[in-house]
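Have a look at the structure below, then the notes.
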Amino acid sequence: MSAGVPDAVALAADARSCTEAALAAIADAADVAALAAVRPELLGKGSPLSGLRRRLGSLAPAARPAAGRALSEALAAVEARYTERLDELRAAERRAQLEAERLDLTELHEPPPVGRLHVITQTQRRLEDVFCAMGYTVAEGPEIETEWHNFGALNFPPGHPARDMYDTLYVDHGSPGSTLLRTHTSPVQVRVMQTRPPPLYVVAPGRCYRQDTADATHMPVFHQIEGLVVDEGITLGDLAGAIETFTTAYFGPGFTSRLRPSYFPFTEPSAEFDVQRPDGTWLELGGSGMVHPSVLEVCGVDPERWSGFAFGFGIDRLAMLRYGIDDLRDLWTNDVSFLEQF
Amino acid sequence: MKVLLSWLREFAPVEGPPEGIAEELSDLGLAVEDMVTFAEAPAGIVVARVAGLRPHPDADRIQLVDVDAGDGEPRQVCCGAFNMSVGDLVPLATVGTTMPGGLEIRRRKMRGRLSEGMLCSAAELDMGSDAEGIMILPADLEPGDDLTAALGVAGDVLFDLEVNPNRPDALSVVGVARDLAARRGVPFELPEVRVETSGAPAGESASVEILAPDLCGRFSVRLLRNAPGARTPPRLARRLLALGMRPINFVVDISNYVMLEIGQPSHAFDAALVPDGLLRVRRADDGEQVETLDGVRRTLSAGDGVIADASDVAIGIAGVMGGASTEISAETEVVLLEAAWWNPPDIARTSRRLGLRSEASARFEAGVDPEIAPWALERFAELAAAGGVTLAPELVQAHGDVPSRRPVRVRTGRVNALLGTALTAGEMRACLEPIGFEIVPARAEPTAASPRSYPGEVWDVTVPSWRPDSSTEIDVIEEVGRLWSYSRIARTVSKSPHPGGLTDRQRARRRVHEALAGFGLMEAMPLPFLAPGDLERCGLPPDGITVTNPLVAEESVMRTSLRPGLLKSVAYNAARRQPGVALFEIGHVHWPGDGELPDEGDHVAVALAGREAPAAAALWERLRRAIPFVPTDVRNEATAGLHPTRSAVLVAGGEMVGVLGEIDPAVAEAFGIGERVAWLECDLARLLESHVDSPGYRPPSRYPSSDVDLAFVLGDAVPAAAVGTALRRAAGDTLVSLHLFDVFRDAERLGPDRRSVAWRLRLQSADRTLTDAEVGEIRAACITAATTAGATLRE
């Protein structure tokens, strides 16, 4: 404090120089850490500016309020500048850090492979789901079957010419000719009727076999789905209705179906069913018919009380049609470049 | 079965566009596979005779044909077909003709040789689908005739029908016409045959005997004089040709024509070569031989049927093929023409055994009309009369057993109940009577059982002889539906009284599929057949069930494991520069068993190419956590076909339910795989045995958890899982997780054949904060338990 200068004036001058020094220190801080480090010296209780408050008591009472106010303003100004500078420095640091973390997101390494279900599994599920939604349950049966379940119970007596339509593979089990690789999923009908009482609303998807040379349209093993309904008062009209409901549900609106008379030993009346595409062309899909009374009887179902219908068609062909696959053998080679596309 | 529209129209007035007729045929169950409208041949196509055939000096695939086109000018044509002989009549497109496809025929050189025109196939003329060879024309045409005029088939329509095995009647023009007429409501008539008889009665020089009545239901013979020599009537020859049957000679052509028309095959014997004119039907002796018309000596077996002569020598195989010794020839004067009804299964068996199938045997197998033979023989005589052939009076015949037919009891109410229709009795009659079913009201007494009664009429329906397939009520119901049309039956939807859906097991199997795909694996579908030796190559016992009649050895064994198939798939991909594939399969496997059927079950298998055993163990752990399988332990154990020191078995309830580890490098090599392959295979059915869809849960605790880390030194003989199990058991209810987080070996610090394994146990109570004392007690119990299990705490 210099002699001769009034205390209030001297105080104001000191406050000014302290403020300037503080602002200069704030401006000099290069980063958040440096700024934080100087804070106690500038704004803490021991800071020069705070120290000036102690001299207020020596002022004339009349001068004190104004001087006190001036000191508070000076402190507030330093505080404000400090906060402003802190924000600036933080923003700069964030900018620097984010810039340092810049990545090229097109710089891709090969990701782990995506797993896939086989196109046949996918197709079979779609079919199962459609029929489940129509109130059917899913039944299964063995792929190696007795001759009786595959033929005998289905109204193919031994030596029946219709057996020639199936190129049957037999296996070495039991007496010769007694055990075979099922040629269709129809034996599941027999097993279901023998073990569950009607009403029955069942589909049976599965693998079937035949003596065939592999080529673009034939394989010695293939997949079929079979439907069976047995209930009171089931009619050929119900079969036509079920086929039509399935056609629309599976293929989509604009597709429709028709039945044409045909022949299978285990159904009568028998029918082929065709699906008409929206462009008017027809696709021959499968076989169907009313369950033959002899089959019902053999399976312990009274044909005078119950009636039923059955239908069956190929799953592989539907998969091929859906994706435009033109060689059946591709389904079985397991080339991952094929599998990964579905 | 091929039919011509013009031929159908001889029996029923079927008018209208052919497309409509094709629709009706398909709707009647006679699916039209192909329809050909015979076009008019373009102007300039004439009949020409092949006068000479010479090889082309500079080309193998074409020959030089000298043709006579009736104008006296010799012509040379280059031709790429080789099916004609000198003397044949063929269609010649002369120079200047524009073909149906727009090609203009010019005089040109082919490989240096002049070609003046083109010989045509049926397809090139739009006269059929045969594009293989040049069309051979009926021999009665004259060179130079305009082809269209000469053939007389222009505008005719050919329908190629798929006839089901239950419809032998539809293997004839008459049968198809009868169905069409019934559908159309137009009259159908089998015309009276008009034929004069002359000369001595047949019975004076011909006789027949049936010694096997179960084989032959009827054997009918007519005697014809002034036999061949004649040309086949042109109209007949043209039709045969249009149907793809090559005219052969007068007698054979007419026999074929009658067969196509009415469905009854017939066979001609040269009467001069049949001693005493006696034809005897009997079963063959085992090893008996007969030379058939095609010149082949055939050995018969005891079940076959033969026609023998008076000295009991076989001169033909019943229903399949005639014999060479009595074949008609240019010298034949008198013919014994035979038409028979054979028991269908007998003919099927013989023709299959001999590998001889003909148009005739196909019809006998399906079942010809047992009543039609006399009509067919007279029809033959009527057609043959044009060639000067005369018919002797008298039908010589013998009868055996024909299956007896009884009227069928039909309830009209049941017809509607099964078809879903509301037809009147009159509407049903209108379906059945035009196809020959005769209806009378049933006599009062009911049939054997007491079937359900329906409102409506009860009928006794007599089924016509040409419908052997129809013998029960349901057969007649089918006929009503067929003639009424399936497309006119209203579609209804029956409702299941039960909810639909998958079973818990089926849903669980789907979850396994999804989990494995979610782990990045691709589902493979290898062929389920194996070659002999495939199982051994995998190090597995060769106990696969064998297929007794495989087409190829590669498809002769059923798999007992999914391993061979997946390893082949791994090798296939590796060979196509796609190493490191991760595949899985879920599928059936079979083992020999003592039951009615072999044992069969669902397996799941995983092959991770380019990965070592721990990858399989880790995958199993992930799968086990994803699916609530039955509790299963992993036990280190050498197992067949897997790397002996890197394999383990999965054990549930004391039984082995799977294996995991790494494919034995020797096995991989045997499959041509250069990579390591991590392997997992288990019995899916067993794993899902006690599967429950919602096994409950444990609510997250609101209290803090404590972690305890414990590191032990384990000898290599002590499996980590054994210590883990001991820790789990000792920690009790408060254990929420147990993680193995560190393994290291350090021979100096730990000793040889030992490793350090560290676990982190997270402890947490559902209802309180665990005290330090409690945690300490659990820690001590864990150490004791681990020590008992063979581990030593690492201090």
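Quick note on naming: the chains in the structure tokens go A, B, ... in the order shown, residues restart at 1 in each chain, and ligands are numbered from 1 in order of appearance.
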
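Within 10 Å of A:Leu239, once only C-alpha atoms are used and residues closer than 2 positions along the same chain are dropped, the contacting residues are Leu228, Val229, Ile234, Thr235, Leu236, Gly237, Gly241, Ala242, Ile243, Glu244, Thr245, Leu259, Ala271, Ser288, Gly289, Met290, Gly308, Phe309, Ala310 and Phe311 of chain A; Leu419, Gly420, Arg491, Thr492, Val493 and Ser494 of chain B.
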
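Across stretch 41-89 of chain B, DSSP run on the backbone finds strand (DSSP E or B) at B:Ile45, B:Val46, B:Val47, B:Ala48, B:Arg49, B:Val50, B:Ala51, B:Gly52, B:Leu53, B:Arg54, B:Pro55, B:Gln63, B:Leu64, B:Val65, B:Asp66, B:Val67, B:Asp68, B:Pro74, B:Arg75, B:Gln76, B:Val77, B:Cys78, B:Cys79, B:Leu89.
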
Q: Excluding stretch 274-285 of chain A and any residue of its chain fewer than 3 positions from it, enumerate the residues within 8 Å of it, using only C-alpha atoms, and give them as a ChimeraX atom specification.
A: /A:247,254-260,313-314

Just to be explicit: take each residue in the selection above, keep N, CA and C atoms, and write the result as a PDB file, in the first residue's frame.
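The resulting file, again_15.pdb, is shown below:
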ATOM      1  N   THR A 247     -53.275 -74.027 -50.766  1.00  0.00           N
ATOM      2  CA  THR A 247     -52.708 -73.385 -51.959  1.00  0.00           C
ATOM      3  C   THR A 247     -52.568 -71.882 -51.754  1.00  0.00           C
ATOM      4  N   GLY A 254     -54.095 -65.304 -55.521  1.00  0.00           N
ATOM      5  CA  GLY A 254     -53.951 -65.387 -56.977  1.00  0.00           C
ATOM      6  C   GLY A 254     -53.661 -66.800 -57.431  1.00  0.00           C
ATOM      7  N   PHE A 255     -53.296 -67.677 -56.500  1.00  0.00           N
ATOM      8  CA  PHE A 255     -53.102 -69.084 -56.841  1.00  0.00           C
ATOM      9  C   PHE A 255     -54.375 -69.843 -56.486  1.00  0.00           C
ATOM     10  N   THR A 256     -54.726 -70.805 -57.343  1.00  0.00           N
ATOM     11  CA  THR A 256     -55.920 -71.591 -57.070  1.00  0.00           C
ATOM     12  C   THR A 256     -55.630 -73.049 -57.415  1.00  0.00           C
ATOM     13  N   SER A 257     -56.583 -73.933 -57.088  1.00  0.00           N
ATOM     14  CA  SER A 257     -56.284 -75.364 -57.249  1.00  0.00           C
ATOM     15  C   SER A 257     -57.431 -76.077 -57.943  1.00  0.00           C
ATOM     16  N   ARG A 258     -57.146 -77.308 -58.418  1.00  0.00           N
ATOM     17  CA  ARG A 258     -58.213 -78.150 -58.951  1.00  0.00           C
ATOM     18  C   ARG A 258     -57.876 -79.603 -58.660  1.00  0.00           C
ATOM     19  N   LEU A 259     -58.928 -80.422 -58.628  1.00  0.00           N
ATOM     20  CA  LEU A 259     -58.751 -81.864 -58.475  1.00  0.00           C
ATOM     21  C   LEU A 259     -59.118 -82.537 -59.793  1.00  0.00           C
ATOM     22  N   ARG A 260     -58.342 -83.556 -60.165  1.00  0.00           N
ATOM     23  CA  ARG A 260     -58.639 -84.359 -61.358  1.00  0.00           C
ATOM     24  C   ARG A 260     -58.678 -85.814 -60.947  1.00  0.00           C
ATOM     25  N   PHE A 313     -47.435 -84.724 -51.344  1.00  0.00           N
ATOM     26  CA  PHE A 313     -46.687 -84.126 -52.457  1.00  0.00           C
ATOM     27  C   PHE A 313     -45.224 -83.947 -52.060  1.00  0.00           C
ATOM     28  N   GLY A 314     -44.420 -83.602 -53.047  1.00  0.00           N
ATOM     29  CA  GLY A 314     -42.974 -83.536 -52.846  1.00  0.00           C
ATOM     30  C   GLY A 314     -42.536 -82.192 -52.272  1.00  0.00           C
TER      31      GLY A 314
END

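Shell of B:Asp160 at 9 Å, with only C-alpha atoms counted and residues fewer than 5 places along the chain excluded, is Met1, Lys2, Val3, Leu4, Ala31, Val32, Glu33, Asp34, Met35 and Val36 of chain B.
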
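For the atom pair formed by atom CA of B:His399 and atom CA of B:Phe219, the distance is 6.4 Å, given to one decimal.
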
Q. Using only C-alpha atoms, which of B:Glu473, B:Asp707, B:Glu124, B:Asp716 sits nearest chain A?
A. B:Glu473

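Compared by their closest atoms to A:Glu147, and using only C-alpha atoms, the residues A:His173, A:Gln124, A:Pro199, A:Asp231 rank with A:His173 nearest.
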
Q. Running DSSP on the backbone, which parts of stretch 37-230 of chain A land in helix (DSSP H, G or I), as a ChimeraX atom specification?
A. /A:37-43,48-58,61-100,119-133,147-150,152-154,161-165,187-195

Go ahead and write the residues just picked, C-alpha atoms, as a compact mmCIF listing (two decimals), in the first residue's frame.
# COMPACT_ATOMS: atom_id res chain seq x y z
CA ALA A 37 -4.13 -26.31 -11.38
CA VAL A 38 -4.21 -22.48 -11.24
CA ARG A 39 -7.76 -22.24 -9.97
CA PRO A 40 -6.84 -22.11 -6.22
CA GLU A 41 -4.40 -19.24 -6.87
CA LEU A 42 -6.98 -17.24 -8.76
CA LEU A 43 -10.25 -17.99 -7.02
CA PRO A 48 -4.78 -12.30 -4.03
CA LEU A 49 -8.22 -11.10 -5.04
CA SER A 50 -9.83 -12.76 -2.02
CA GLY A 51 -7.05 -11.30 0.13
CA LEU A 52 -8.14 -7.76 -0.79
CA ARG A 53 -11.40 -8.32 1.10
CA ARG A 54 -9.45 -8.11 4.33
CA ARG A 55 -8.60 -4.47 3.57
CA LEU A 56 -12.23 -3.44 3.33
CA GLY A 57 -12.30 -2.98 7.13
CA SER A 58 -9.74 -0.23 6.94
CA PRO A 61 -17.49 3.15 6.31
CA ALA A 62 -19.10 5.10 3.54
CA ALA A 63 -16.67 3.73 0.96
CA ARG A 64 -17.02 0.12 2.01
CA PRO A 65 -20.18 -0.96 0.13
CA ALA A 66 -18.95 0.35 -3.17
CA ALA A 67 -15.50 -1.16 -2.71
CA GLY A 68 -16.99 -4.48 -1.59
CA ARG A 69 -19.23 -4.56 -4.58
CA ALA A 70 -16.32 -3.81 -6.86
CA LEU A 71 -14.33 -6.68 -5.37
CA SER A 72 -17.25 -9.12 -5.79
CA GLU A 73 -17.68 -8.08 -9.37
CA ALA A 74 -14.01 -8.60 -10.00
CA LEU A 75 -14.19 -12.09 -8.52
CA ALA A 76 -17.30 -12.89 -10.54
CA ALA A 77 -15.60 -11.69 -13.70
CA VAL A 78 -12.60 -13.97 -13.05
CA GLU A 79 -14.94 -16.87 -12.24
CA ALA A 80 -16.89 -16.32 -15.46
CA ARG A 81 -13.79 -16.18 -17.51
CA TYR A 82 -12.47 -19.25 -15.84
CA THR A 83 -15.66 -21.24 -16.67
CA GLU A 84 -15.64 -19.95 -20.22
CA ARG A 85 -12.04 -20.95 -20.65
CA LEU A 86 -12.69 -24.35 -19.13
CA ASP A 87 -15.49 -25.01 -21.61
CA GLU A 88 -13.28 -23.94 -24.47
CA LEU A 89 -10.45 -26.18 -23.39
CA ARG A 90 -12.78 -29.16 -22.82
CA ALA A 91 -14.33 -28.72 -26.23
CA ALA A 92 -10.90 -28.54 -27.82
CA GLU A 93 -9.78 -31.65 -26.02
CA ARG A 94 -12.89 -33.56 -27.04
CA ARG A 95 -12.36 -32.46 -30.63
CA ALA A 96 -8.78 -33.61 -30.53
CA GLN A 97 -9.70 -36.94 -28.96
CA LEU A 98 -12.54 -37.67 -31.40
CA GLU A 99 -10.35 -36.74 -34.32
CA ALA A 100 -7.67 -39.07 -33.03
CA VAL A 119 -33.37 -75.06 -48.03
CA ILE A 120 -35.29 -78.34 -47.55
CA THR A 121 -35.60 -77.73 -43.80
CA GLN A 122 -36.84 -74.21 -44.51
CA THR A 123 -39.38 -75.42 -47.05
CA GLN A 124 -40.58 -78.20 -44.78
CA ARG A 125 -41.05 -75.72 -41.94
CA ARG A 126 -43.06 -73.36 -44.11
CA LEU A 127 -45.33 -76.26 -45.01
CA GLU A 128 -45.61 -77.46 -41.41
CA ASP A 129 -46.43 -73.94 -40.27
CA VAL A 130 -49.16 -73.53 -42.88
CA PHE A 131 -50.80 -76.79 -41.85
CA CYS A 132 -50.37 -76.13 -38.12
CA ALA A 133 -52.21 -72.86 -38.64
CA GLU A 147 -43.83 -104.08 -46.19
CA TRP A 148 -47.25 -104.22 -44.53
CA HIS A 149 -47.29 -100.56 -43.45
CA ASN A 150 -45.90 -99.35 -46.78
CA GLY A 152 -50.27 -104.15 -47.43
CA ALA A 153 -52.26 -101.91 -45.11
CA LEU A 154 -52.62 -99.36 -47.90
CA PRO A 161 -49.63 -104.02 -60.42
CA ALA A 162 -49.72 -100.67 -58.62
CA ARG A 163 -46.70 -101.81 -56.60
CA ASP A 164 -44.73 -101.56 -59.82
CA MET A 165 -45.26 -97.80 -59.75
CA PRO A 187 -47.37 -95.53 -43.93
CA VAL A 188 -47.48 -92.75 -41.33
CA GLN A 189 -51.23 -92.58 -42.04
CA VAL A 190 -51.50 -96.20 -40.96
CA ARG A 191 -49.43 -95.66 -37.81
CA VAL A 192 -51.44 -92.58 -36.82
CA MET A 193 -54.80 -94.28 -37.35
CA GLN A 194 -53.66 -97.33 -35.40
CA THR A 195 -52.49 -95.34 -32.40

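Minimum atom-to-atom distances from A:Phe264, A:Tyr323, A:Phe156, A:Phe251 to chain B were compared using only C-alpha atoms, and the lowest value belongs to A:Phe264.
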
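Reported to one decimal place, the separation of atom CA of B:Gly539 from atom CA of B:His513 is 27.0 Å.
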
Distance table requested - stretch 163-245 of chain B against stretch 133-143 of chain B, cut-off 8 Å, only C-alpha atoms: one row per qualifying residue with the closest atom pair and its distance in Å to one decimal, ordered by chain and rising residue number, as a tab-separated table.
residue	atom	partner	partner_atom	distance
B:Arg231	CA	B:Asp140	CA	6.8
B:Thr232	CA	B:Asp140	CA	7.7
B:Pro233	CA	B:Asp140	CA	8.0
B:Pro234	CA	B:Asp140	CA	6.4
B:Ala237	CA	B:Pro138	CA	5.9
B:Arg238	CA	B:Pro138	CA	6.6
B:Leu241	CA	B:Leu137	CA	7.6

**Q.** Who sits within 10 Å of stretch 251-253 of chain B, only C-alpha atoms, same chain under 3 positions skipped, as number ranges by chain
**A.** B: 227-233, 236-237, 240, 245-248, 256-259, 266-268, 328-329, 335, 337, 380, 384

For those residues, write C-alpha atoms to a file as a short mmCIF file (atom, residue, chain, number, x, y, z; two decimals), in the first residue's frame.
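Generated output (out_1.cif):
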data_model
loop_
_atom_site.label_atom_id
_atom_site.label_comp_id
_atom_site.auth_asym_id
_atom_site.auth_seq_id
_atom_site.Cartn_x
_atom_site.Cartn_y
_atom_site.Cartn_z
CA ALA B 227 -55.37 -114.66 -95.74
CA PRO B 228 -52.63 -112.18 -96.51
CA GLY B 229 -51.37 -110.95 -99.84
CA ALA B 230 -53.59 -107.92 -99.54
CA ARG B 231 -52.42 -104.46 -98.65
CA THR B 232 -53.56 -102.93 -95.40
CA PRO B 233 -56.52 -100.66 -96.16
CA LEU B 236 -56.24 -98.08 -91.28
CA ALA B 237 -52.58 -97.76 -92.17
CA LEU B 240 -51.75 -96.57 -87.22
CA MET B 245 -47.36 -97.54 -85.01
CA ARG B 246 -45.49 -98.57 -88.09
CA PRO B 247 -47.57 -100.61 -90.54
CA ILE B 248 -46.09 -104.14 -90.81
CA ASN B 256 -53.33 -103.81 -84.00
CA TYR B 257 -56.13 -101.63 -85.32
CA VAL B 258 -58.78 -103.73 -83.57
CA MET B 259 -56.73 -103.73 -80.37
CA SER B 266 -55.60 -110.99 -80.92
CA HIS B 267 -53.07 -113.34 -82.42
CA ALA B 268 -52.97 -115.07 -85.82
CA ILE B 328 -48.11 -116.29 -90.70
CA SER B 329 -46.20 -115.64 -93.91
CA VAL B 335 -55.52 -118.25 -90.37
CA LEU B 337 -57.32 -115.93 -85.23
CA PHE B 380 -61.19 -108.15 -87.58
CA ALA B 384 -60.07 -107.87 -93.46
#

Q) Nearest to chain A: which of B:Ala339, B:Ile489, B:Met428, B:Leu158 is it, counting only C-alpha atoms? A) B:Ile489

**Q.** Within 8 Å of B:Leu660 using only C-alpha atoms, minus same-chain residues under 6 positions, as a PyMOL selection string
**A.** chain B and resi 613+616-617+647-650+678-681

Keeping C-alpha atoms for every residue in the selection just given, could you write it to a file as a PDB file, in the first residue's frame?
ATOM      1  CA  ALA B 613     -11.042 -80.622 -30.297  1.00  0.00           C
ATOM      2  CA  ALA B 616     -16.165 -79.099 -30.281  1.00  0.00           C
ATOM      3  CA  ALA B 617     -16.192 -79.038 -26.487  1.00  0.00           C
ATOM      4  CA  SER B 647     -11.919 -87.312 -27.462  1.00  0.00           C
ATOM      5  CA  ALA B 648     -14.653 -87.509 -24.880  1.00  0.00           C
ATOM      6  CA  VAL B 649     -17.967 -89.227 -24.472  1.00  0.00           C
ATOM      7  CA  LEU B 650     -21.218 -87.596 -23.405  1.00  0.00           C
ATOM      8  CA  ALA B 678     -13.527 -80.861 -34.539  1.00  0.00           C
ATOM      9  CA  TRP B 679     -16.431 -83.295 -34.139  1.00  0.00           C
ATOM     10  CA  LEU B 680     -19.593 -83.651 -32.108  1.00  0.00           C
ATOM     11  CA  GLU B 681     -22.306 -86.246 -32.591  1.00  0.00           C
TER      12      GLU B 681
END
